[in-house]
$ cat final.cif   # mmCIF, C-alpha atoms
data_protein
loop_
_atom_site.group_PDB
_atom_site.id
_atom_site.type_symbol
_atom_site.label_atom_id
_atom_site.label_comp_id
_atom_site.auth_asym_id
_atom_site.auth_seq_id
_atom_site.Cartn_x
_atom_site.Cartn_y
_atom_site.Cartn_z
ATOM 1 C CA MET T 1 28.775 -1.951 145.137
ATOM 2 C CA ILE T 2 28.480 -1.840 141.321
ATOM 3 C CA MET T 3 28.638 1.653 139.832
ATOM 4 C CA ALA T 4 25.486 2.581 137.884
ATOM 5 C CA GLN T 5 27.223 2.949 134.504
ATOM 6 C CA GLN T 6 28.919 -0.452 134.929
ATOM 7 C CA ALA T 7 25.857 -2.332 136.149
ATOM 8 C CA MET T 8 23.314 -4.191 134.068
ATOM 9 C CA ARG T 9 20.325 -6.438 134.544
ATOM 10 C CA ALA T 10 20.647 -10.120 133.714
ATOM 11 C CA ILE T 11 18.649 -13.298 134.115
ATOM 12 C CA ARG T 12 20.803 -15.568 136.281
ATOM 13 C CA VAL T 13 20.679 -19.256 137.186
ATOM 14 C CA SER T 14 21.965 -20.292 140.618
ATOM 15 C CA GLY T 15 21.531 -24.073 140.359
ATOM 16 C CA TYR T 16 20.205 -26.849 138.157
ATOM 17 C CA GLY T 17 16.416 -27.009 137.956
ATOM 18 C CA GLY T 18 13.298 -25.672 136.290
ATOM 19 C CA PRO T 19 12.281 -22.154 135.286
ATOM 20 C CA GLU T 20 12.090 -21.164 138.967
ATOM 21 C CA GLN T 21 15.901 -21.007 138.831
ATOM 22 C CA LEU T 22 15.734 -17.959 136.528
ATOM 23 C CA LYS T 23 16.153 -14.771 138.586
ATOM 24 C CA LEU T 24 16.573 -11.147 137.509
ATOM 25 C CA GLU T 25 19.708 -9.675 139.113
ATOM 26 C CA ARG T 26 21.985 -6.653 138.802
ATOM 27 C CA ILE T 27 25.524 -7.643 137.886
ATOM 28 C CA GLU T 28 28.640 -5.995 136.542
ATOM 29 C CA ARG T 29 28.691 -5.261 132.820
ATOM 30 C CA PRO T 30 31.319 -7.369 131.004
ATOM 31 C CA GLN T 31 34.272 -5.792 129.215
ATOM 32 C CA PRO T 32 35.454 -7.022 125.815
ATOM 33 C CA GLN T 33 38.890 -8.613 125.651
ATOM 34 C CA ALA T 34 41.079 -8.971 122.559
ATOM 35 C CA GLY T 35 39.033 -10.351 119.666
ATOM 36 C CA GLU T 36 35.715 -9.725 121.408
ATOM 37 C CA VAL T 37 32.788 -7.354 120.953
ATOM 38 C CA LEU T 38 30.483 -5.918 123.619
ATOM 39 C CA LEU T 39 26.865 -5.895 122.446
ATOM 40 C CA ARG T 40 23.867 -4.114 123.836
ATOM 41 C CA VAL T 41 21.389 -6.988 123.568
ATOM 42 C CA TYR T 42 18.161 -6.147 121.736
ATOM 43 C CA ALA T 43 16.952 -9.771 121.503
ATOM 44 C CA ALA T 44 18.073 -13.196 122.687
ATOM 45 C CA GLY T 45 16.987 -16.524 121.273
ATOM 46 C CA VAL T 46 15.354 -19.028 123.589
ATOM 47 C CA ASN T 47 17.083 -22.188 122.483
ATOM 48 C CA PRO T 48 16.495 -25.745 123.734
ATOM 49 C CA ILE T 49 20.148 -25.980 124.753
ATOM 50 C CA ASP T 50 19.574 -23.167 127.268
ATOM 51 C CA TRP T 51 16.896 -25.041 129.210
ATOM 52 C CA LYS T 52 18.705 -28.373 128.848
ATOM 53 C CA ILE T 53 21.805 -26.838 130.448
ATOM 54 C CA ARG T 54 19.683 -25.177 133.176
ATOM 55 C CA GLN T 55 17.932 -28.460 134.000
ATOM 56 C CA GLY T 56 21.266 -30.281 134.253
ATOM 57 C CA LEU T 57 20.556 -32.602 131.329
ATOM 58 C CA LEU T 58 23.968 -31.808 129.791
ATOM 59 C CA LYS T 59 26.065 -31.483 132.956
ATOM 60 C CA GLU T 60 28.290 -34.441 132.052
ATOM 61 C CA PHE T 61 29.306 -32.644 128.836
ATOM 62 C CA MET T 62 28.813 -29.010 129.846
ATOM 63 C CA PRO T 63 29.163 -28.595 133.614
ATOM 64 C CA MET T 64 28.217 -25.099 134.754
ATOM 65 C CA THR T 65 29.727 -22.866 137.397
ATOM 66 C CA PHE T 66 26.930 -21.106 139.278
ATOM 67 C CA PRO T 67 25.599 -18.519 139.078
ATOM 68 C CA TYR T 68 25.639 -18.028 135.321
ATOM 69 C CA THR T 69 23.681 -16.078 132.728
ATOM 70 C CA PRO T 70 22.057 -18.282 130.046
ATOM 71 C CA GLY T 71 21.492 -17.339 126.426
ATOM 72 C CA ILE T 72 23.690 -18.359 123.489
ATOM 73 C CA GLU T 73 21.843 -16.665 120.599
ATOM 74 C CA VAL T 74 21.850 -12.865 120.501
ATOM 75 C CA ALA T 75 21.189 -9.850 118.329
ATOM 76 C CA GLY T 76 22.084 -6.305 119.233
ATOM 77 C CA VAL T 77 24.221 -3.265 118.592
ATOM 78 C CA VAL T 78 27.998 -3.034 119.019
ATOM 79 C CA GLU T 79 28.844 -0.854 122.051
ATOM 80 C CA GLU T 80 32.592 -1.522 122.368
ATOM 81 C CA ILE T 81 35.212 -3.524 120.503
ATOM 82 C CA GLY T 82 38.190 -5.333 121.929
ATOM 83 C CA LEU T 83 41.773 -5.076 120.756
ATOM 84 C CA GLY T 84 42.301 -6.415 117.243
ATOM 85 C CA VAL T 85 38.651 -6.382 116.160
ATOM 86 C CA THR T 86 38.414 -4.837 112.695
ATOM 87 C CA THR T 87 35.294 -6.523 111.311
ATOM 88 C CA PHE T 88 32.761 -4.422 113.240
ATOM 89 C CA GLY T 89 32.364 -0.844 114.355
ATOM 90 C CA ILE T 90 30.500 0.796 117.195
ATOM 91 C CA GLY T 91 26.817 1.228 116.398
ATOM 92 C CA GLN T 92 26.551 -1.657 113.908
ATOM 93 C CA ALA T 93 23.649 -4.095 114.259
ATOM 94 C CA VAL T 94 24.890 -7.692 114.550
ATOM 95 C CA PHE T 95 23.714 -11.169 115.503
ATOM 96 C CA GLY T 96 25.473 -14.365 116.459
ATOM 97 C CA GLN T 97 26.355 -16.932 119.036
ATOM 98 C CA THR T 98 28.148 -16.792 122.373
ATOM 99 C CA THR T 99 28.903 -19.430 124.989
ATOM 100 C CA GLN T 100 26.502 -17.848 127.513
ATOM 101 C CA GLY T 101 25.287 -14.489 128.750
ATOM 102 C CA GLY T 102 22.661 -13.502 126.183
ATOM 103 C CA TYR T 103 19.863 -13.073 128.732
ATOM 104 C CA ALA T 104 21.302 -9.742 129.829
ATOM 105 C CA GLU T 105 21.385 -6.118 128.761
ATOM 106 C CA TYR T 106 24.968 -6.551 127.514
ATOM 107 C CA VAL T 107 27.002 -9.552 126.416
ATOM 108 C CA VAL T 108 30.544 -10.133 125.203
ATOM 109 C CA ALA T 109 30.942 -12.361 122.147
ATOM 110 C CA PRO T 110 33.896 -13.406 119.994
ATOM 111 C CA ALA T 111 33.948 -11.228 116.866
ATOM 112 C CA HIS T 112 34.329 -14.341 114.677
ATOM 113 C CA ALA T 113 30.981 -15.661 115.999
ATOM 114 C CA LEU T 114 29.028 -12.579 114.847
ATOM 115 C CA ALA T 115 27.661 -11.311 111.539
ATOM 116 C CA LEU T 116 26.038 -8.092 110.409
ATOM 117 C CA LYS T 117 22.276 -8.232 110.897
ATOM 118 C CA PRO T 118 20.450 -8.025 107.569
ATOM 119 C CA GLN T 119 18.239 -4.939 107.420
ATOM 120 C CA THR T 120 15.341 -7.152 106.350
ATOM 121 C CA LEU T 121 15.351 -8.967 109.708
ATOM 122 C CA SER T 122 14.198 -7.636 113.046
ATOM 123 C CA PHE T 123 16.489 -8.139 116.035
ATOM 124 C CA ALA T 124 14.076 -10.792 117.341
ATOM 125 C CA GLU T 125 14.205 -12.693 114.043
ATOM 126 C CA ALA T 126 17.995 -12.481 113.820
ATOM 127 C CA ALA T 127 18.403 -13.814 117.368
ATOM 128 C CA THR T 128 16.694 -17.080 116.379
ATOM 129 C CA ILE T 129 19.170 -17.958 113.618
ATOM 130 C CA PRO T 130 22.658 -18.756 115.024
ATOM 131 C CA VAL T 131 22.334 -22.239 116.559
ATOM 132 C CA GLY T 132 20.093 -23.698 113.834
ATOM 133 C CA ALA T 133 22.243 -22.217 111.087
ATOM 134 C CA THR T 134 25.477 -23.467 112.655
ATOM 135 C CA THR T 135 23.959 -26.922 113.119
ATOM 136 C CA ALA T 136 22.876 -27.013 109.467
ATOM 137 C CA TRP T 137 26.254 -25.829 108.151
ATOM 138 C CA ARG T 138 28.204 -28.367 110.180
ATOM 139 C CA ALA T 139 25.850 -31.216 109.234
ATOM 140 C CA LEU T 140 26.077 -30.473 105.514
ATOM 141 C CA PHE T 141 29.661 -29.417 104.995
ATOM 142 C CA GLU T 142 31.829 -30.411 107.958
ATOM 143 C CA TYR T 143 30.330 -33.788 108.877
ATOM 144 C CA GLY T 144 28.480 -34.536 105.649
ATOM 145 C CA GLY T 145 31.268 -33.514 103.265
ATOM 146 C CA LEU T 146 28.667 -32.270 100.774
ATOM 147 C CA THR T 147 30.006 -31.531 97.290
ATOM 148 C CA PRO T 148 28.306 -29.674 94.379
ATOM 149 C CA GLU T 149 27.589 -32.832 92.385
ATOM 150 C CA GLN T 150 25.645 -34.466 95.225
ATOM 151 C CA ARG T 151 21.881 -34.347 95.709
ATOM 152 C CA VAL T 152 20.358 -33.497 99.067
ATOM 153 C CA LEU T 153 17.073 -34.593 100.655
ATOM 154 C CA ILE T 154 16.239 -32.484 103.675
ATOM 155 C CA GLY T 155 13.515 -33.795 105.946
ATOM 156 C CA GLY T 156 12.020 -31.252 108.330
ATOM 157 C CA GLN T 157 12.676 -28.333 106.007
ATOM 158 C CA LEU T 158 10.329 -26.105 107.995
ATOM 159 C CA ALA T 159 12.423 -26.492 111.145
ATOM 160 C CA GLU T 160 15.237 -24.013 111.764
ATOM 161 C CA SER T 161 18.114 -26.316 110.798
ATOM 162 C CA GLY T 162 16.273 -27.778 107.805
ATOM 163 C CA CYS T 163 15.435 -24.350 106.427
ATOM 164 C CA SER T 164 19.082 -23.260 106.744
ATOM 165 C CA GLN T 165 20.287 -26.484 105.122
ATOM 166 C CA SER T 166 17.946 -25.974 102.197
ATOM 167 C CA ASN T 167 19.129 -22.403 101.655
ATOM 168 C CA TRP T 168 22.822 -23.274 101.869
ATOM 169 C CA GLN T 169 22.779 -26.349 99.699
ATOM 170 C CA ASN T 170 20.889 -24.436 96.992
ATOM 171 C CA GLY T 171 23.269 -21.494 97.282
ATOM 172 C CA LYS T 172 26.295 -23.719 96.773
ATOM 173 C CA GLY T 173 24.925 -25.291 93.599
ATOM 174 C CA HIS T 174 23.664 -28.537 95.125
ATOM 175 C CA ARG T 175 20.431 -30.173 94.028
#
$ encode --input "final.cif" --output "structure tokens"
Amino acid sequence: MIMAQQAMRAIRVSGYGGPEQLKLERIERPQPQAGEVLLRVYAAGVNPIDWKIRQGLLKEFMPMTFPYTPGIEVAGVVEEIGLGVTTFGIGQAVFGQTTQGGYAEYVVAPAHALALKPQTLSFAEAATIPVGATTAWRALFEYGGLTPEQRVLIGGQLAESGCSQSNWQNGKGHR
């Protein structure tokens, strides 16, 4: 039996399939390890990768062990910090990305994958940023090798990744 203070509610997936696979369950609350942060989740992004994993469309690249808790984009408040974490303190509002587990009351995430939530964003807004922003950054700077003297044309600027690309390339002095 899970003790009340260690239990939490989570949306779990017990096998590949459609939305009928999503079930609300009580599970044990995770504990942060070294370099990790425990968040009380205020909002979780609903990202296409979540349903693609659930449906089994990515099982050759990302096989899942069932049951699991989906959700890779989160925003919340720091509840506990693991050994060695100095970038965040208890009670701070943060957002970021985790490998899974965001569709729960609490989630553990690597501290390096989180950022302070801007006060101008709601938790719901902040939870929609991580995957699109990471995709944009990697496309521009890691894979694209963008330098300040280059010009950038961004198609689909109203989409999440395009909007992030536009903001970053302008902020780094690109045209």
$ closest_atom_pairs --input "final.cif" --of "segment 107-151 of chain T" --to "segment 31-42 of chain T" --cutoff "10 Å" --atoms "all atoms listed in the file" --output "JSON lines"
{"residue": "T:Val107", "atom": "CA", "partner": "T:Leu39", "partner_atom": "CA", "distance": 5.4}
{"residue": "T:Val108", "atom": "CA", "partner": "T:Leu38", "partner_atom": "CA", "distance": 4.5}
{"residue": "T:Ala109", "atom": "CA", "partner": "T:Val37", "partner_atom": "CA", "distance": 5.5}
{"residue": "T:Pro110", "atom": "CA", "partner": "T:Glu36", "partner_atom": "CA", "distance": 4.3}
{"residue": "T:Ala111", "atom": "CA", "partner": "T:Glu36", "partner_atom": "CA", "distance": 5.1}
{"residue": "T:His112", "atom": "CA", "partner": "T:Gly35", "partner_atom": "CA", "distance": 7.9}
{"residue": "T:Ala113", "atom": "CA", "partner": "T:Glu36", "partner_atom": "CA", "distance": 9.3}
{"residue": "T:Leu114", "atom": "CA", "partner": "T:Val37", "partner_atom": "CA", "distance": 8.9}
{"residue": "T:Ser122", "atom": "CA", "partner": "T:Tyr42", "partner_atom": "CA", "distance": 9.7}
{"residue": "T:Phe123", "atom": "CA", "partner": "T:Tyr42", "partner_atom": "CA", "distance": 6.3}
{"residue": "T:Ala124", "atom": "CA", "partner": "T:Tyr42", "partner_atom": "CA", "distance": 7.6}
{"residue": "T:Ala127", "atom": "CA", "partner": "T:Tyr42", "partner_atom": "CA", "distance": 8.8}
$ resolve_selection --input "final.cif" --expression "the PyMOL selection byres ((chain T and resi 52) around 12)" --output "MDAnalysis selection string"
chainID T and resid 16:19 46:51 53:64 70:71
$ closest_residue --input "final.cif" --among "T:Pro130, T:Pro30, T:Arg151, T:Arg9" --to "Ile81 of chain T" --atoms "all atoms listed in the file"
T:Pro30
$ atom_distance --input "final.cif" --atom1 "atom CA of Phe66 of chain T" --atom2 "atom CA of Gly15 of chain T"
6.3 Å
$ residues_near_point --input "final.cif" --point "(19.9, -10.4, 127.3)" --cutoff "10 Å" --atoms "only C-alpha atoms" --output "number ranges by chain"
T: 8-11, 39-45, 69-76, 100-107
$ write_last_selection --input "final.cif" --atoms "C-alpha atoms" --output "mmCIF file, in the coordinates of the input"
data_model
loop_
_atom_site.group_PDB
_atom_site.id
_atom_site.type_symbol
_atom_site.label_atom_id
_atom_site.label_comp_id
_atom_site.auth_asym_id
_atom_site.auth_seq_id
_atom_site.Cartn_x
_atom_site.Cartn_y
_atom_site.Cartn_z
ATOM 1 C CA MET T 8 23.314 -4.191 134.068
ATOM 2 C CA ARG T 9 20.325 -6.438 134.544
ATOM 3 C CA ALA T 10 20.647 -10.120 133.714
ATOM 4 C CA ILE T 11 18.649 -13.298 134.115
ATOM 5 C CA LEU T 39 26.865 -5.895 122.446
ATOM 6 C CA ARG T 40 23.867 -4.114 123.836
ATOM 7 C CA VAL T 41 21.389 -6.988 123.568
ATOM 8 C CA TYR T 42 18.161 -6.147 121.736
ATOM 9 C CA ALA T 43 16.952 -9.771 121.503
ATOM 10 C CA ALA T 44 18.073 -13.196 122.687
ATOM 11 C CA GLY T 45 16.987 -16.524 121.273
ATOM 12 C CA THR T 69 23.681 -16.078 132.728
ATOM 13 C CA PRO T 70 22.057 -18.282 130.046
ATOM 14 C CA GLY T 71 21.492 -17.339 126.426
ATOM 15 C CA ILE T 72 23.690 -18.359 123.489
ATOM 16 C CA GLU T 73 21.843 -16.665 120.599
ATOM 17 C CA VAL T 74 21.850 -12.865 120.501
ATOM 18 C CA ALA T 75 21.189 -9.850 118.329
ATOM 19 C CA GLY T 76 22.084 -6.305 119.233
ATOM 20 C CA GLN T 100 26.502 -17.848 127.513
ATOM 21 C CA GLY T 101 25.287 -14.489 128.750
ATOM 22 C CA GLY T 102 22.661 -13.502 126.183
ATOM 23 C CA TYR T 103 19.863 -13.073 128.732
ATOM 24 C CA ALA T 104 21.302 -9.742 129.829
ATOM 25 C CA GLU T 105 21.385 -6.118 128.761
ATOM 26 C CA TYR T 106 24.968 -6.551 127.514
ATOM 27 C CA VAL T 107 27.002 -9.552 126.416
#
$ residues_near_point --input "final.cif" --point "(27.0, -8.6, 109.8)" --cutoff "8 Å" --atoms "all atoms listed in the file" --output "VMD selection string"
chain T and resid 88 93 to 95 114 to 118
$ atom_distance --input "final.cif" --atom1 "atom CA of Glu125 of chain T" --atom2 "atom CA of Glu79 of chain T"
20.5 Å
$ atom_distance --input "final.cif" --atom1 "atom CA of Ala126 of chain T" --atom2 "atom CA of Ser14 of chain T"
28.2 Å
$ axis_aligned_box --input "final.cif" --around "segment 63-71 of chain T" --padding-each-side "4 Å" --output "JSON"
{"center_x": 25.6, "center_y": -22.3, "center_z": 132.9, "size_x": 16.2, "size_y": 20.5, "size_z": 20.9}
$ decode --input "final.cif" --residues "segment 59-116 of chain T" --atoms "C-alpha atoms" --output "short mmCIF file (atom, residue, chain, number, x, y, z; two decimals), in the first residue's frame"
data_model
loop_
_atom_site.label_atom_id
_atom_site.label_comp_id
_atom_site.auth_asym_id
_atom_site.auth_seq_id
_atom_site.Cartn_x
_atom_site.Cartn_y
_atom_site.Cartn_z
CA LYS T 59 8.47 2.01 -30.86
CA GLU T 60 11.42 1.11 -33.10
CA PHE T 61 13.26 4.21 -31.85
CA MET T 62 11.68 4.67 -28.42
CA PRO T 63 10.38 1.35 -27.08
CA MET T 64 8.37 1.80 -23.89
CA THR T 65 8.20 -0.31 -20.76
CA PHE T 66 4.59 -0.48 -19.58
CA PRO T 67 2.96 0.98 -17.65
CA TYR T 68 4.42 4.46 -18.03
CA THR T 69 3.33 8.04 -17.43
CA PRO T 70 3.42 10.23 -20.57
CA GLY T 71 4.19 13.93 -20.70
CA ILE T 72 7.55 15.47 -21.62
CA GLU T 73 6.73 19.19 -21.28
CA VAL T 74 6.01 20.52 -17.79
CA ALA T 75 5.70 23.65 -15.71
CA GLY T 76 5.41 23.72 -11.95
CA VAL T 77 6.97 24.58 -8.63
CA VAL T 78 10.12 23.03 -7.14
CA GLU T 79 9.20 20.79 -4.18
CA GLU T 80 12.55 19.05 -3.56
CA ILE T 81 16.04 19.19 -5.01
CA GLY T 82 18.49 16.35 -5.43
CA LEU T 83 22.11 16.30 -4.35
CA GLY T 84 24.27 18.80 -6.21
CA VAL T 85 21.45 20.97 -7.56
CA THR T 86 22.33 24.62 -6.99
CA THR T 87 20.45 26.32 -9.83
CA PHE T 88 16.99 26.13 -8.25
CA GLY T 89 15.46 26.45 -4.81
CA ILE T 90 12.32 25.08 -3.24
CA GLY T 91 9.27 27.14 -4.17
CA GLN T 92 10.62 28.49 -7.47
CA ALA T 93 8.38 28.33 -10.55
CA VAL T 94 10.09 26.49 -13.42
CA PHE T 95 9.36 24.89 -16.78
CA GLY T 96 11.18 22.42 -18.97
CA GLN T 97 11.44 19.01 -20.48
CA THR T 98 11.66 15.51 -19.04
CA THR T 99 11.80 12.08 -20.65
CA GLN T 100 8.32 11.15 -19.36
CA GLY T 101 6.06 11.55 -16.36
CA GLY T 102 4.56 15.01 -16.85
CA TYR T 103 0.95 13.82 -16.75
CA ALA T 104 1.11 13.46 -12.98
CA GLU T 105 0.89 15.57 -9.85
CA TYR T 106 4.68 15.35 -9.41
CA VAL T 107 7.54 14.67 -11.80
CA VAL T 108 11.31 14.39 -11.51
CA ALA T 109 13.35 16.24 -14.13
CA PRO T 110 17.07 16.83 -14.66
CA ALA T 111 17.94 20.30 -13.34
CA HIS T 112 19.80 21.09 -16.59
CA ALA T 113 16.54 20.59 -18.55
CA LEU T 114 14.65 23.26 -16.57
CA ALA T 115 14.52 27.06 -16.58
CA LEU T 116 12.88 29.65 -14.36
#
